[in-house]
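**Q** Could you have a look at this structure, given as structure tokens, before my questions?
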Amino acid sequence: MADLQSKMAELSLTQPEVQVALAVVAATILLLVILKLLAGKKRGSAVLLVGPCNGGKTTLFYQLKDGSTRLGTVASMQENEGLCQVRNEKDRVLGSVRVLDLPGHPRLRSKLEQYLKDASAVVLVIDSADITPNKTEAAEDLFEVLTHPVVARRRLPVLLACNKADLETQAHSVDFCRRTIEKQLDAMRKTRLALGGDAGRAIAALGKPDKPLSLGALRSPISAASISAEKGDVVEVMRFFSKLV
Amino acid sequence: MLDFVAAFERGGAVLWMLQFTTLRHNPLDAINALIRGCLLEERLGENTFTYVPKSGAAQALKWTFHNGLGLVFVAVYQKTLSLLYVDELLTSVKNEFVAVYKPGQRGYKQFDDVFQRLLREAETRAEVSKRQPVMRNAAAVASKQNGNAAAGQAKKDSGGAKSGGLASGDARGDDDAAARRKPSASGAAGQASEVSADGEDGDTSGTEDGVRAFDVSKLPKGVASRGRGARGRPGAAATSGKADATSKKKEDAAPKKKARNWNSLFPSGKGDNPDRIDYTEEGDGPPTASDRDLVSGASASATEDEGAGPRGAGVSRMDVDDDDYDDEDEATSEEANNSAQPGRGVEPAAPAKRGLLASFVSSLKMNVVGTSALTRADVEPALADMKRKLMERNVAEEIAAQVCDSVGRRLEGQRLAGFTGVVAFVRTAFEEALSGILNKRAVDVLLDIKKSQARGKPYVIVFCGVNGVGKSTNLAKIAYWLGGHGIKVTIAACDTFRAGAVEQLKTHCARLRVPLYERGYEKDPAKVAYEAVRQAERDGQHVVLVDTAGRMQDNQPLMRALSNLIAVNNPNLVLFVGEALVGNDAVDQLTKFNKALSDLAPTAAAAAASGAAGASGRGNADGSALTRRHGGVIDGIVLTKFDTIDDKVGAALSMVYTSGAPIMFVGCGQTYVDLKKLNVKSVVKSLLK
């Protein structure tokens, strides 16, 4: 004990060994912090386009990427990935985001889980003209997105894009789409909760079941907008992106 | 002649298209139907797809892939025309297009001229080959005799848009060779293996058949079938031997029975230690909760099960989270596999013929550097291995063949990422394919029940299946589960044939405290069901579960009776109950059930006219999410006796692939709580283990 105490008394900052040791420790800590920061930034870098089949996701993707939808699209069998330039109203380039267009077919739904892990925002594209037959699918997609643990934890912003607004009379209004989806989500929340919850799903993110669900009251900021991917009217999406950049 | 040609990316963007005739519907609709109905359903083995637009004649679609670049080329033409040159045309288009293709560019107007040239060439080639004179015919006749049987089988096997597996015995009744292939007592299993065996050994069995067809057809019918029955012919003997070999392999793979060790003084680790010999009810068997205790709510000990965890008394296993124990195991087993794979991956890539150094270099190029594309020959051994593995896991033989074929087509021309072996690559492709097949959007039953509750109509579920699969037991389990969610259930006893069926349901209903609607025996099941639904509506019940008698899929009058029941009552959900122990017969059962139920059902207009008054229509009349799947009437599958198979879970894959319907419930025991959802990840893992 006495030896130890005397040894410790000898140690002082002026000794080179001690300085070197401290420098190494400091450098390591600094390195770890930097790595963590870098890794943290890389995570959550893509915006996902999800939604039921035939909603217009691939059209929107190409519209965002290079502003062209020349020959039309067919049902996607595979995801599309690309960079999109974010412009503000004055057409100045603010930055670029990576956009990932996932296929809507139920078979390929498992990809959604995979890609949600490093998403930074989600755009749910629905067909506003054809919403009633597809409302269950759209609500299921939104349900999966909102109850995903990563999304719930990081409170990723979600945009409900009601596409095909260029069909004017046939296309329902944003409000109608929003309310339809809310009602579906509400019903689903009750039954899914009753089923004991799927493994690992944060159903609590959808709020308490005794109150009717309101999209505005959820933790993740959800906004809704009406766009037309075919005609190139994607101002709302750009605005949504500009908040991310 | 062609209506429409297009080239598009797998991601969905259309790169180039050319329309020859103007049609009333958008040509892209046909392509969308092709993608959804065929390409994504792992049916790449078939080579045509039929699309019937709402207005106009049926169109046939042919396609080809370029897997390296992820492009698909489709040609659409009227189905009534049989154009022979389309396949060649597509291949030549593919080759030419690849030369012009630049990723990111969309719009290849210059390709139009190239295409016209190719089209003309293909047409002239077809004309020339049609007009080939006599010398072709002589050769054709000779080869016809040899190859007729094999070719005929192959054609009949692959023809048609749906799963082109078993052509029904009727269609083949006329053919010579078919006289010997009539569905024998051994049933579809023997038939399937015979058919595939012929398809594989094309020429050799073809020559045998040619000779033998001559002999056998001369004999009177009775003798011919007797000869087949006695298996006197080497042809049949070879195929039956093959069938025996595969079944023997399955038996060998099954775990051997451990000898019981009666020497209690020196218990050896190997034998089965008899600390528990008494399995009578009062004895201390594995603690099972008696059903009476469950229903009365008394605390019962949970049934022992692997990975079950602490459960409340009497909670149905549908409501319990499935432990994802596979995640951790997966990680460790994947690492073990991956370290083994690159080593193994080099070997299968080296066929015997090429020199050792050349093969080493080429496999190095493929696996490590990832430059050369995969050819069919490279993946063949891995595919064959996978097929054998799937069949060992009780997947029906033709389903395994079709899945392997379709994955093989998807892999041709793809490049391996650096440092992956062929085997690992094939395995990932299989995992994706199998998950895709099994992952189906299942109907959310509770949600639909609530919807029809809101409308004031009872939700009708009909259970059908062959004899002895567990319909009544699983019906009771589902009633228990629904009861646990506060849903009022009625059971309709429409099995008016089997002795004791009504009493069995009476006992279940007494235990579950659920009303039973029964009218005894020898009554018309359709009427009983109809009245049961009316009664349930009057009583304000939410769900009616209809139990039907078991019937074989070949039995015409019974299938007709069942489709009559379904047509008259318009149930919201038709569940096919199938046991997991079934092997190749699963395909036959489901195909025939689907076919019979849709063939013998009246059209939608007639059903509406005949006054399905008050009953909600089958499908979209009320906007509910029940859409017709893949042309079948069956909406979901209940897979029973799942606890009796260890990892031979292939029946799940066969059933889902054949019918296109999702597996909604899995019965995994014989008590009321033994009902759970299908865990796709663990099934895929077991299939590929």
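By convention here, the chains of the structure tokens are called A, B, ... in the order presented, each chain's residues are numbered starting at 1, and ligands are numbered starting at 1 in the order presented.
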What residues in stretch 3-220 of chain A get the DSSP label helix (DSSP H, G or I)? Please answer as JSON, numbers by chain.
**A** {"A": [3, 4, 5, 6, 7, 8, 9, 10, 16, 17, 18, 19, 20, 21, 22, 23, 24, 25, 26, 27, 28, 29, 30, 31, 32, 33, 34, 35, 36, 37, 38, 39, 40, 41, 42, 57, 58, 59, 60, 61, 62, 63, 64, 65, 66, 106, 107, 108, 109, 110, 111, 112, 113, 114, 115, 116, 131, 132, 133, 134, 135, 136, 137, 138, 139, 140, 141, 142, 143, 144, 145, 146, 149, 150, 151, 152, 153, 154, 165, 166, 167, 174, 175, 176, 177, 178, 179, 180, 181, 182, 183, 184, 185, 186, 187, 188, 189, 190, 191, 192, 193, 194, 203, 204, 205, 206, 215, 216, 217]}
**Q** Give me the residues near stretch 98-114 of chain A as an mmCIF file with N, CA, C and O atoms, in the first residue's frame, where near means some atom within 10 Å (using only C-alpha atoms) and where sequence neighbours in that chain fewer than 4 positions away do not count.
**A**
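The result, written out as selection.cif:
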```cif
data_model
loop_
_atom_site.group_PDB
_atom_site.id
_atom_site.type_symbol
_atom_site.label_atom_id
_atom_site.label_comp_id
_atom_site.auth_asym_id
_atom_site.auth_seq_id
_atom_site.Cartn_x
_atom_site.Cartn_y
_atom_site.Cartn_z
ATOM 1 N N SER A 45 -30.491 7.967 -44.712
ATOM 2 C CA SER A 45 -30.140 8.913 -45.746
ATOM 3 C C SER A 45 -31.072 8.866 -46.931
ATOM 4 O O SER A 45 -30.951 9.676 -47.817
ATOM 5 N N ALA A 46 -31.987 7.917 -46.965
ATOM 6 C CA ALA A 46 -32.804 7.777 -48.165
ATOM 7 C C ALA A 46 -34.248 8.119 -47.861
ATOM 8 O O ALA A 46 -34.741 7.901 -46.766
ATOM 9 N N VAL A 47 -34.904 8.639 -48.857
ATOM 10 C CA VAL A 47 -36.343 8.870 -48.754
ATOM 11 C C VAL A 47 -37.025 7.717 -49.479
ATOM 12 O O VAL A 47 -36.689 7.409 -50.611
ATOM 13 N N LEU A 48 -37.970 7.075 -48.820
ATOM 14 C CA LEU A 48 -38.636 5.937 -49.425
ATOM 15 C C LEU A 48 -39.951 6.352 -50.052
ATOM 16 O O LEU A 48 -40.691 7.136 -49.470
ATOM 17 N N LEU A 49 -40.229 5.810 -51.221
ATOM 18 C CA LEU A 49 -41.531 5.988 -51.839
ATOM 19 C C LEU A 49 -42.263 4.658 -51.704
ATOM 20 O O LEU A 49 -41.864 3.677 -52.294
ATOM 21 N N VAL A 50 -43.317 4.653 -50.908
ATOM 22 C CA VAL A 50 -44.053 3.405 -50.703
ATOM 23 C C VAL A 50 -45.513 3.639 -51.047
ATOM 24 O O VAL A 50 -45.933 4.767 -51.272
ATOM 25 N N GLY A 51 -46.252 2.564 -51.087
ATOM 26 C CA GLY A 51 -47.667 2.706 -51.361
ATOM 27 C C GLY A 51 -48.197 1.509 -52.128
ATOM 28 O O GLY A 51 -47.422 0.668 -52.577
ATOM 29 N N PRO A 52 -49.508 1.413 -52.283
ATOM 30 C CA PRO A 52 -50.069 0.273 -52.996
ATOM 31 C C PRO A 52 -49.730 0.319 -54.483
ATOM 32 O O PRO A 52 -49.244 1.329 -54.999
ATOM 33 N N CYS A 53 -50.027 -0.801 -55.137
ATOM 34 C CA CYS A 53 -49.744 -0.925 -56.566
ATOM 35 C C CYS A 53 -50.469 0.140 -57.347
ATOM 36 O O CYS A 53 -51.579 0.518 -57.008
ATOM 37 N N ASN A 54 -49.881 0.573 -58.407
ATOM 38 C CA ASN A 54 -50.546 1.477 -59.345
ATOM 39 C C ASN A 54 -50.796 2.858 -58.772
ATOM 40 O O ASN A 54 -51.679 3.580 -59.218
ATOM 41 N N GLY A 55 -50.049 3.221 -57.747
ATOM 42 C CA GLY A 55 -50.259 4.538 -57.174
ATOM 43 C C GLY A 55 -49.525 5.628 -57.916
ATOM 44 O O GLY A 55 -49.912 6.785 -57.872
ATOM 45 N N GLY A 56 -48.437 5.253 -58.616
ATOM 46 C CA GLY A 56 -47.663 6.260 -59.324
ATOM 47 C C GLY A 56 -46.310 6.514 -58.710
ATOM 48 O O GLY A 56 -45.726 7.578 -58.902
ATOM 49 N N LYS A 57 -45.785 5.502 -57.984
ATOM 50 C CA LYS A 57 -44.505 5.724 -57.305
ATOM 51 C C LYS A 57 -43.371 5.841 -58.304
ATOM 52 O O LYS A 57 -42.527 6.729 -58.211
ATOM 53 N N THR A 58 -43.356 4.907 -59.283
ATOM 54 C CA THR A 58 -42.235 4.942 -60.219
ATOM 55 C C THR A 58 -42.294 6.184 -61.081
ATOM 56 O O THR A 58 -41.269 6.788 -61.402
ATOM 57 N N THR A 59 -43.519 6.599 -61.445
ATOM 58 C CA THR A 59 -43.662 7.830 -62.224
ATOM 59 C C THR A 59 -43.114 9.011 -61.431
ATOM 60 O O THR A 59 -42.362 9.841 -61.943
ATOM 61 N N LEU A 60 -43.494 9.060 -60.157
ATOM 62 C CA LEU A 60 -43.015 10.136 -59.300
ATOM 63 C C LEU A 60 -41.506 10.103 -59.186
ATOM 64 O O LEU A 60 -40.834 11.148 -59.218
ATOM 65 N N PHE A 61 -40.973 8.898 -59.068
ATOM 66 C CA PHE A 61 -39.530 8.749 -58.937
ATOM 67 C C PHE A 61 -38.816 9.359 -60.131
ATOM 68 O O PHE A 61 -37.862 10.128 -59.977
ATOM 69 N N TYR A 62 -39.285 9.009 -61.325
ATOM 70 C CA TYR A 62 -38.608 9.529 -62.502
ATOM 71 C C TYR A 62 -38.837 11.014 -62.667
ATOM 72 O O TYR A 62 -37.979 11.736 -63.172
ATOM 73 N N LEU A 64 -39.067 13.111 -60.232
ATOM 74 C CA LEU A 64 -38.162 13.788 -59.312
ATOM 75 C C LEU A 64 -36.724 13.705 -59.798
ATOM 76 O O LEU A 64 -35.938 14.624 -59.613
ATOM 77 N N LYS A 65 -36.398 12.585 -60.382
ATOM 78 C CA LYS A 65 -35.000 12.359 -60.737
ATOM 79 C C LYS A 65 -34.594 13.235 -61.901
ATOM 80 O O LYS A 65 -33.616 13.965 -61.825
ATOM 81 N N ALA A 75 -45.719 -2.119 -63.788
ATOM 82 C CA ALA A 75 -45.547 -2.489 -62.387
ATOM 83 C C ALA A 75 -44.090 -2.837 -62.114
ATOM 84 O O ALA A 75 -43.480 -3.609 -62.844
ATOM 85 N N SER A 76 -43.530 -2.252 -61.060
ATOM 86 C CA SER A 76 -42.111 -2.483 -60.772
ATOM 87 C C SER A 76 -41.908 -3.846 -60.158
ATOM 88 O O SER A 76 -42.680 -4.281 -59.307
ATOM 89 N N MET A 77 -40.846 -4.516 -60.595
ATOM 90 C CA MET A 77 -40.512 -5.790 -59.974
ATOM 91 C C MET A 77 -39.335 -5.631 -59.040
ATOM 92 O O MET A 77 -38.931 -6.565 -58.378
ATOM 93 N N GLN A 78 -38.784 -4.445 -59.020
ATOM 94 C CA GLN A 78 -37.508 -4.253 -58.346
ATOM 95 C C GLN A 78 -37.463 -2.800 -57.933
ATOM 96 O O GLN A 78 -38.129 -1.965 -58.527
ATOM 97 N N GLU A 79 -36.671 -2.497 -56.911
ATOM 98 C CA GLU A 79 -36.667 -1.109 -56.449
ATOM 99 C C GLU A 79 -35.782 -0.238 -57.340
ATOM 100 O O GLU A 79 -34.844 -0.712 -57.957
ATOM 101 N N ASN A 80 -36.109 1.036 -57.394
ATOM 102 C CA ASN A 80 -35.305 1.998 -58.140
ATOM 103 C C ASN A 80 -34.635 2.937 -57.170
ATOM 104 O O ASN A 80 -35.250 3.381 -56.210
ATOM 105 N N GLU A 81 -33.407 3.274 -57.449
ATOM 106 C CA GLU A 81 -32.691 4.146 -56.535
ATOM 107 C C GLU A 81 -32.081 5.272 -57.334
ATOM 108 O O GLU A 81 -31.564 5.055 -58.426
ATOM 109 N N GLY A 82 -32.146 6.464 -56.800
ATOM 110 C CA GLY A 82 -31.533 7.553 -57.535
ATOM 111 C C GLY A 82 -31.405 8.792 -56.686
ATOM 112 O O GLY A 82 -31.919 8.880 -55.569
ATOM 113 N N LEU A 83 -30.719 9.769 -57.229
ATOM 114 C CA LEU A 83 -30.524 11.038 -56.526
ATOM 115 C C LEU A 83 -31.489 12.060 -57.099
ATOM 116 O O LEU A 83 -31.708 12.135 -58.301
ATOM 117 N N CYS A 84 -32.009 12.877 -56.223
ATOM 118 C CA CYS A 84 -32.940 13.893 -56.683
ATOM 119 C C CYS A 84 -32.442 15.253 -56.221
ATOM 120 O O CYS A 84 -32.087 15.435 -55.056
ATOM 121 N N GLN A 85 -32.460 16.185 -57.127
ATOM 122 C CA GLN A 85 -32.033 17.532 -56.783
ATOM 123 C C GLN A 85 -33.181 18.262 -56.118
ATOM 124 O O GLN A 85 -34.268 18.320 -56.667
ATOM 125 N N ASP A 118 -32.755 2.253 -42.776
ATOM 126 C CA ASP A 118 -31.988 3.488 -42.958
ATOM 127 C C ASP A 118 -32.732 4.444 -43.873
ATOM 128 O O ASP A 118 -32.275 4.795 -44.948
ATOM 129 N N ALA A 119 -33.889 4.819 -43.418
ATOM 130 C CA ALA A 119 -34.651 5.821 -44.153
ATOM 131 C C ALA A 119 -34.577 7.129 -43.391
ATOM 132 O O ALA A 119 -34.414 7.140 -42.179
ATOM 133 N N SER A 120 -34.707 8.211 -44.104
ATOM 134 C CA SER A 120 -34.749 9.478 -43.410
ATOM 135 C C SER A 120 -36.119 10.114 -43.500
ATOM 136 O O SER A 120 -36.428 11.031 -42.764
ATOM 137 N N ALA A 121 -36.934 9.647 -44.416
ATOM 138 C CA ALA A 121 -38.308 10.135 -44.518
ATOM 139 C C ALA A 121 -39.070 9.172 -45.408
ATOM 140 O O ALA A 121 -38.472 8.391 -46.147
ATOM 141 N N VAL A 122 -40.370 9.215 -45.330
ATOM 142 C CA VAL A 122 -41.189 8.289 -46.113
ATOM 143 C C VAL A 122 -42.279 9.071 -46.832
ATOM 144 O O VAL A 122 -42.907 9.952 -46.245
ATOM 145 N N VAL A 123 -42.468 8.778 -48.088
ATOM 146 C CA VAL A 123 -43.569 9.376 -48.837
ATOM 147 C C VAL A 123 -44.524 8.252 -49.218
ATOM 148 O O VAL A 123 -44.134 7.304 -49.889
ATOM 149 N N VAL A 125 -47.396 7.183 -51.418
ATOM 150 C CA VAL A 125 -48.054 7.654 -52.629
ATOM 151 C C VAL A 125 -49.327 6.849 -52.836
ATOM 152 O O VAL A 125 -49.286 5.629 -52.937
ATOM 153 N N GLU A 137 -55.071 -1.486 -48.358
ATOM 154 C CA GLU A 137 -53.652 -1.682 -48.643
ATOM 155 C C GLU A 137 -52.847 -0.474 -48.246
ATOM 156 O O GLU A 137 -51.765 -0.577 -47.658
ATOM 157 N N ALA A 138 -53.373 0.712 -48.603
ATOM 158 C CA ALA A 138 -52.647 1.932 -48.261
ATOM 159 C C ALA A 138 -52.520 2.063 -46.746
ATOM 160 O O ALA A 138 -51.448 2.408 -46.229
ATOM 161 N N ASP A 141 -49.903 -0.277 -45.452
ATOM 162 C CA ASP A 141 -48.551 0.228 -45.674
ATOM 163 C C ASP A 141 -48.206 1.290 -44.654
ATOM 164 O O ASP A 141 -47.117 1.293 -44.065
ATOM 165 N N GLU A 144 -47.578 -0.212 -41.280
ATOM 166 C CA GLU A 144 -46.259 -0.821 -41.134
ATOM 167 C C GLU A 144 -45.190 0.223 -40.978
ATOM 168 O O GLU A 144 -44.253 0.071 -40.201
ATOM 169 N N VAL A 145 -45.324 1.315 -41.736
ATOM 170 C CA VAL A 145 -44.317 2.357 -41.653
ATOM 171 C C VAL A 145 -44.330 2.994 -40.269
ATOM 172 O O VAL A 145 -43.290 3.125 -39.617
ATOM 173 N N HIS A 148 -43.091 0.815 -37.329
ATOM 174 C CA HIS A 148 -41.737 0.270 -37.376
ATOM 175 C C HIS A 148 -40.915 0.916 -36.266
ATOM 176 O O HIS A 148 -40.963 2.122 -36.107
ATOM 177 N N GLY B 11 -37.192 -2.305 -62.920
ATOM 178 C CA GLY B 11 -37.649 -1.294 -61.977
ATOM 179 C C GLY B 11 -38.960 -0.651 -62.380
ATOM 180 O O GLY B 11 -39.564 0.056 -61.590
ATOM 181 N N GLY B 12 -39.399 -0.877 -63.616
ATOM 182 C CA GLY B 12 -40.709 -0.384 -64.012
ATOM 183 C C GLY B 12 -40.712 0.603 -65.155
ATOM 184 O O GLY B 12 -41.743 0.829 -65.761
ATOM 185 N N ILE B 35 -47.014 -9.138 -65.304
ATOM 186 C CA ILE B 35 -46.080 -9.023 -64.189
ATOM 187 C C ILE B 35 -46.711 -9.540 -62.921
ATOM 188 O O ILE B 35 -46.126 -10.323 -62.180
ATOM 189 N N ARG B 36 -47.959 -9.106 -62.678
ATOM 190 C CA ARG B 36 -48.560 -9.483 -61.411
ATOM 191 C C ARG B 36 -48.959 -10.940 -61.383
ATOM 192 O O ARG B 36 -48.904 -11.580 -60.360
ATOM 193 N N LEU B 40 -44.101 -12.249 -61.160
ATOM 194 C CA LEU B 40 -43.834 -12.128 -59.749
ATOM 195 C C LEU B 40 -44.280 -13.351 -58.979
ATOM 196 O O LEU B 40 -44.018 -13.463 -57.799
ATOM 197 N N GLU B 41 -44.983 -14.244 -59.654
ATOM 198 C CA GLU B 41 -45.481 -15.423 -58.956
ATOM 199 C C GLU B 41 -44.560 -16.608 -59.171
ATOM 200 O O GLU B 41 -44.957 -17.741 -58.974
ATOM 201 N N GLU B 432 -35.119 -15.598 -51.375
ATOM 202 C CA GLU B 432 -36.005 -14.520 -51.817
ATOM 203 C C GLU B 432 -37.230 -15.081 -52.508
ATOM 204 O O GLU B 432 -38.347 -14.636 -52.264
ATOM 205 N N ALA B 433 -36.997 -16.053 -53.378
ATOM 206 C CA ALA B 433 -38.127 -16.606 -54.128
ATOM 207 C C ALA B 433 -39.136 -17.257 -53.180
ATOM 208 O O ALA B 433 -40.339 -17.046 -53.281
ATOM 209 N N SER B 435 -39.543 -16.772 -49.920
ATOM 210 C CA SER B 435 -40.232 -15.790 -49.078
ATOM 211 C C SER B 435 -41.289 -15.081 -49.882
ATOM 212 O O SER B 435 -42.362 -14.792 -49.382
ATOM 213 N N GLY B 436 -40.976 -14.791 -51.125
ATOM 214 C CA GLY B 436 -41.954 -14.125 -51.970
ATOM 215 C C GLY B 436 -43.193 -14.963 -52.161
ATOM 216 O O GLY B 436 -44.302 -14.450 -52.109
ATOM 217 N N ILE B 437 -43.009 -16.263 -52.344
ATOM 218 C CA ILE B 437 -44.177 -17.114 -52.555
ATOM 219 C C ILE B 437 -45.000 -17.201 -51.282
ATOM 220 O O ILE B 437 -46.223 -17.138 -51.308
ATOM 221 N N LEU B 438 -44.342 -17.348 -50.141
ATOM 222 C CA LEU B 438 -45.104 -17.573 -48.909
ATOM 223 C C LEU B 438 -45.645 -16.295 -48.307
ATOM 224 O O LEU B 438 -46.618 -16.312 -47.582
ATOM 225 N N ASN B 439 -45.001 -15.158 -48.601
ATOM 226 C CA ASN B 439 -45.447 -13.899 -48.029
ATOM 227 C C ASN B 439 -46.614 -13.378 -48.826
ATOM 228 O O ASN B 439 -46.438 -12.784 -49.860
ATOM 229 N N LYS B 440 -47.792 -13.608 -48.323
ATOM 230 C CA LYS B 440 -48.929 -13.117 -49.077
ATOM 231 C C LYS B 440 -49.710 -12.186 -48.194
ATOM 232 O O LYS B 440 -49.743 -12.334 -46.997
ATOM 233 N N ARG B 441 -50.385 -11.293 -48.819
ATOM 234 C CA ARG B 441 -51.207 -10.381 -48.040
ATOM 235 C C ARG B 441 -52.418 -11.162 -47.554
ATOM 236 O O ARG B 441 -53.289 -11.505 -48.325
ATOM 237 N N ALA B 442 -52.435 -11.460 -46.282
ATOM 238 C CA ALA B 442 -53.542 -12.253 -45.753
ATOM 239 C C ALA B 442 -54.701 -11.346 -45.395
ATOM 240 O O ALA B 442 -54.516 -10.201 -45.006
#
```
**Q** Please list as a count of residues only every residue within 12 Å of B:Ile31, counting only C-alpha atoms and excluding residues in the same chain fewer than 5 positions away.
**A** 34
**Q** Report as an NGL selection string: the residues of stretch 82-167 of chain A with a DSSP assignment of strand (DSSP E), based on the backbone of this structure.
**A** :A and (82-87 or 93-101 or 119-127 or 158-163)
**Q** Which residues come within 10 Å of A:Phe240, counting only C-alpha atoms, excluding same-chain residues fewer than 5 positions away, as a list of chain:residue names?
**A**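 In the requested form, the answer reads A:Val86, A:Ala121, A:Val123, A:Pro157, A:Val158, A:Leu159, A:Ser223, A:Ala225, A:Val235, A:Val245.
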**Q** What's the 9 Å shell around A:Arg87, counting only C-alpha atoms, without same-chain residues fewer than 6 positions away, as a list in words?
**A**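 After dropping sequence-adjacent residues, the list is Val93, Leu94, Gly95, Ser96, Met238, Arg239, Phe241 and Ser242 of chain A.
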